[in-house]
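Here the structure comes first, spelled out in structure tokens, and everything after it is commentary.
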Amino acid sequence: MPHSPRRRRRRVLRPLPLVAVGALVAAAAVTVPQLTPEADAATTLRGYADARGVKIGAAVADTPLTSESAYTTVLDREFNSVTAENAMKWDALEPSRGSYNWGAADRLVAHASAHQQGVRGHTLAWYSQLPSWLKNGNFSASELNTILKKHIDTTVGRYKGKIYAWDVINETFNEDGSMRGSLWQNKLGTGYIANALRWAHAADPSAKLYINDYNIEADNAKSDGLYNLAKQLLSQGVPLHGIGFQSHFVVGGVPSSMKANLKRFSDLGLEVSVTELDIRIPLPASSAELAQQSTDYKTATENCLGVPRCAGITVWGITDKYSWVPGTFNGYGAALPYNESYAAKPSYTGLSNGLNPTA
Ligand code: 9MR
């Protein structure tokens with residue numbers, strides 16, 4: 001069943017004193033009983049997550065954040081964590097060398113602070129979304145090293161104490177578990193990973209530092225490569241604190257080994273987080289597929305929360321209106337918990353039930 005706001009409302013009404021009931025009866029047609037905000041919050045996603053001491057996050061895009069009240073209403077009611085979908089990527093922050101554009105990133109951090117939300121930083125060293133001055137600059141290894149360090153010092157330093165976790169390294173593996181070719185890997189070698197983590201730690205010792213990737217949710221060659229790297233980094237005393245499992249799934253495709261795979265990372269003493277959850281469906285989505293998607297949201301959520309040191313789950317967007325999926329996977333969509341009109345889908349209920357241990 002899709003989440004029904006009317007049903008939730010009824011459950012949280014405060015008993016009214018008799019005199020108030022009398023007044024209500026007298027003005028039956030016009031009086032709308034008020035919700036108690038605390039009780040209402042308890043049955044939201046963030047209410048369940050708060051009760052478990054974990055994060056439920058959403059990737060946030062700047063345009064609807066600044067222009068659409070339905071978007072912020074859902075964001076602030078349901079989520080206790082945010083990730084900048086694009087605003088903290090290098091091409092957004094430093095479009096030309098030495099000239100920074102902090103506008104959208106600052107807006108998100110300020111919004112989060114005003115709404116008691118934590119912020120996940122995304123992302124510092126990635127092969128993609130690099131500004132062209134950097135991508136095409138033909139820099140020497142030593143210049144690149146200096147540029148990466150400055151980027152990390154500047155960005156992590158600016159938000160010191162305001163970002164609880166950073167995706168320091170993003171998408172650095174090939175599917176076979178080898179290191180993926182990138183500006184960083186090709187010029188600096190795998191050592192750039194340890195350096196980036198050390199620089200980020202120096203810039204904000206309180207932030208949890210992550211390696212984040214996709215197709216690592218299952219026990220497979222790619223997650224094996226990451227597991228070996230993580231073990232090695234930890235044995236060298238490198239400040240690596242967590243692994244981000246992006247979890248861009250296809251309906252019916254939550255890997256059966258996901259929980260055991262997350263657990264082996266958690267057994268290394270690392271945090272684990274689901275960082276970019278969405279579950280795409282071939283369009284148009286049938287009701288059977290929406291029901292399966294709901295089950296999948298619940299399973300993915302429980303796979304993380306069932307493992308020690310699961311810090312939380314972030315969905316990669318709020319509403320299908322702004323999902324990256326249709327633009328990338330032709331013919332697919334409907335991947336998120338809310339539809340284009342901000343109605344909660346069955347997937348919302350799945351996510352909610354995954355967070356609520358008594359559901
Ligand atoms: O959702 C993001 C989309 O708006 C951007 O156009 C895209 C550019 O690469 O990046 C998307 O976010 C990606 C994230 O940063 C890293 N993991 C995969 C996400 C989906 O592509």
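Ordered as shown in the structure tokens, chains take letters A, B, and onward, while each chain numbers its residues from 1 and ligands are numbered from 1 in the order shown.
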_Near-ligand residues for ligand 1, threshold 9 Å, only C-alpha atoms and all ligand atoms, as a ChimeraX atom specification_ = /A:59,61,84-86,89,122-123,126,128-129,170-171,212-214,246,248,275-276,316-317,322-325,327-328
Find the residues near stretch 299-307 of chain A: any atom within 6 Å, counting only C-alpha atoms, skip ones fewer than 6 places away on the same chain, and give them as a CSV table (one decimal) with N, CA and C atoms, in the first residue's frame.
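Listing of selection_2.csv after writing:
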chain,number,residue,atom,x,y,z
A,259,LYS,N,24.1,-8.2,2.4
A,259,LYS,CA,24.3,-8.1,3.8
A,259,LYS,C,25.7,-8.7,4.2
A,263,LYS,N,28.9,-6.8,5.8
A,263,LYS,CA,29.4,-7.3,7.1
A,263,LYS,C,30.9,-7.5,7.0
A,354,GLY,N,11.6,-0.6,6.4
A,354,GLY,CA,13.0,-1.1,6.7
A,354,GLY,C,13.7,-0.3,7.8
_DSSP strand (DSSP E or B) residues within stretch 25-230 of chain A, as a PyMOL selection string_ = chain A and resi 55-60+81-84+96+99+118-125+165-170+173+179+208-213
_Ranking A:Ala104, A:Ala125, A:Val60, A:Leu268 by minimum distance to A:Asn195 and counting only C-alpha atoms, which one comes first?_
A:Ala125
*Determine, counting only C-alpha atoms, which protein, DNA and RNA residues have an atom within 9 Å of an atom of stretch 106-115 of chain A; residues of the same chain fewer than 6 positions away are not included. Present the result as a ChimeraX atom specification.*
/A:60-62,65-66,76,80-84,87,159,162-163
Can those selected residues be exported to a file as a short mmCIF file (atom, residue, chain, number, x, y, z; two decimals), in the first residue's frame so that it contains N, CA, C and O atoms?
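Output contents, as saved in selection.cif:
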data_model
loop_
_atom_site.label_atom_id
_atom_site.label_comp_id
_atom_site.auth_asym_id
_atom_site.auth_seq_id
_atom_site.Cartn_x
_atom_site.Cartn_y
_atom_site.Cartn_z
N VAL A 60 20.41 16.08 -2.77
CA VAL A 60 19.64 17.31 -2.96
C VAL A 60 20.19 18.10 -4.14
O VAL A 60 21.40 18.28 -4.27
N ALA A 61 19.27 18.56 -4.99
CA ALA A 61 19.65 19.40 -6.13
C ALA A 61 19.33 20.85 -5.77
O ALA A 61 18.33 21.14 -5.11
N ASP A 62 20.18 21.75 -6.21
CA ASP A 62 20.06 23.15 -5.79
C ASP A 62 18.78 23.82 -6.31
O ASP A 62 18.16 24.58 -5.58
N LEU A 65 15.70 22.94 -4.37
CA LEU A 65 15.93 23.36 -2.98
C LEU A 65 15.60 24.84 -2.82
O LEU A 65 15.07 25.27 -1.79
N THR A 66 15.91 25.61 -3.84
CA THR A 66 15.73 27.06 -3.71
C THR A 66 14.42 27.56 -4.32
O THR A 66 14.11 28.73 -4.24
N ASP A 76 12.58 18.18 4.52
CA ASP A 76 12.79 18.52 5.93
C ASP A 76 11.94 17.66 6.87
O ASP A 76 12.32 17.43 8.01
N ASN A 80 17.03 13.29 7.76
CA ASN A 80 17.90 13.92 8.75
C ASN A 80 19.33 14.06 8.23
O ASN A 80 20.25 14.33 9.00
N SER A 81 19.51 13.86 6.92
CA SER A 81 20.83 13.99 6.32
C SER A 81 20.66 14.40 4.86
O SER A 81 19.67 14.03 4.22
N VAL A 82 21.61 15.16 4.35
CA VAL A 82 21.58 15.55 2.93
C VAL A 82 22.96 15.33 2.31
O VAL A 82 23.98 15.37 2.99
N THR A 83 22.93 15.07 1.00
CA THR A 83 24.16 15.02 0.20
C THR A 83 23.94 15.96 -0.98
O THR A 83 22.85 15.96 -1.56
N ALA A 84 24.94 16.75 -1.33
CA ALA A 84 24.81 17.60 -2.52
C ALA A 84 24.90 16.70 -3.74
O ALA A 84 25.91 16.02 -3.94
N ALA A 87 26.56 19.85 -6.19
CA ALA A 87 27.12 21.16 -5.83
C ALA A 87 28.51 21.12 -5.20
O ALA A 87 29.19 22.14 -5.16
N TYR A 159 34.29 23.57 5.24
CA TYR A 159 33.11 22.99 5.92
C TYR A 159 33.50 22.21 7.18
O TYR A 159 32.73 21.37 7.65
N LYS A 162 31.15 20.78 9.88
CA LYS A 162 29.77 20.85 9.38
C LYS A 162 29.41 19.66 8.52
O LYS A 162 28.26 19.53 8.08
N ILE A 163 30.39 18.83 8.22
CA ILE A 163 30.14 17.66 7.35
C ILE A 163 30.54 16.43 8.14
O ILE A 163 31.68 16.32 8.60
#
